[in-house]
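In what follows, a structure is listed as structure tokens, so that the remarks can point back to it.
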Amino acid sequence: MSRSRLFAICAFVALAVFCGILVRFVPRADLTIVLLIGLGLAAYDIWDQLFRKRRPPPSRPG
């Protein structure tokens with residue numbers, strides 16, 4: 001695993017821990033929903049950028 005992937009995963013885990021602490025000490029349903037949506041978007045972005053296989057761009061004729 002490359003260093004950039006490791007740092008990205010560590011950053012996501014730190015974000016998730018921070019959000020978990022926030023939800024634990026401020027137990028509001030609307031805050032929890034917004035944080036879960038945000039964590040879901042961040043998780044999708046990390047998966048998309050780090051783990052999805054990329055196809056090479058199509059070559060141009062000419």
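Ligands are numbered from 1 in the order shown, chains are lettered A, B, ... in the order of the structure tokens, and residues start at 1 in each chain.
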
- Message: Neighbouring residues of segment 29-42 of chain A were defined as those with any atom within 7 Å, considering only C-alpha atoms; residues of the same chain fewer than 5 positions away were excluded. Please report them as a list in words.
- Response: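 Returned residues: Ala16, Cys19 and Val23 of chain A.
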
Near segment 11-15 of chain A, counting only C-alpha atoms, which residues have an atom at most 9 Å away, once you skip same-chain residues fewer than 2 positions from it, shown as a PyMOL selection string? chain A and resi 6-9+17-20+39+42-43+46

Can you list, as a ChimeraX atom specification, every residue of chain A that DSSP puts in helix (DSSP H, G or I)?
/A:3-25,29-50

Quiz item: At what distance in Å, to one decimal, does atom CA of Asp48 of chain A lie from atom CA of Arg24 of chain A?
Solution: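 For atom CA of Arg24 of chain A relative to atom CA of Asp48 of chain A, the distance reads 28.9 Å.
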
Computed gap from atom CA of Cys10 of chain A to atom CA of Gln49 of chain A is 14.8 Å

Notebook entry, point to check: Expressed in Å to a single decimal, how great is the separation between atom CA of Ser4 of chain A and atom CA of Arg54 of chain A?
Noted result: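 Computing the Euclidean distance for atom CA of Ser4 of chain A and atom CA of Arg54 of chain A yields 16.9 Å.
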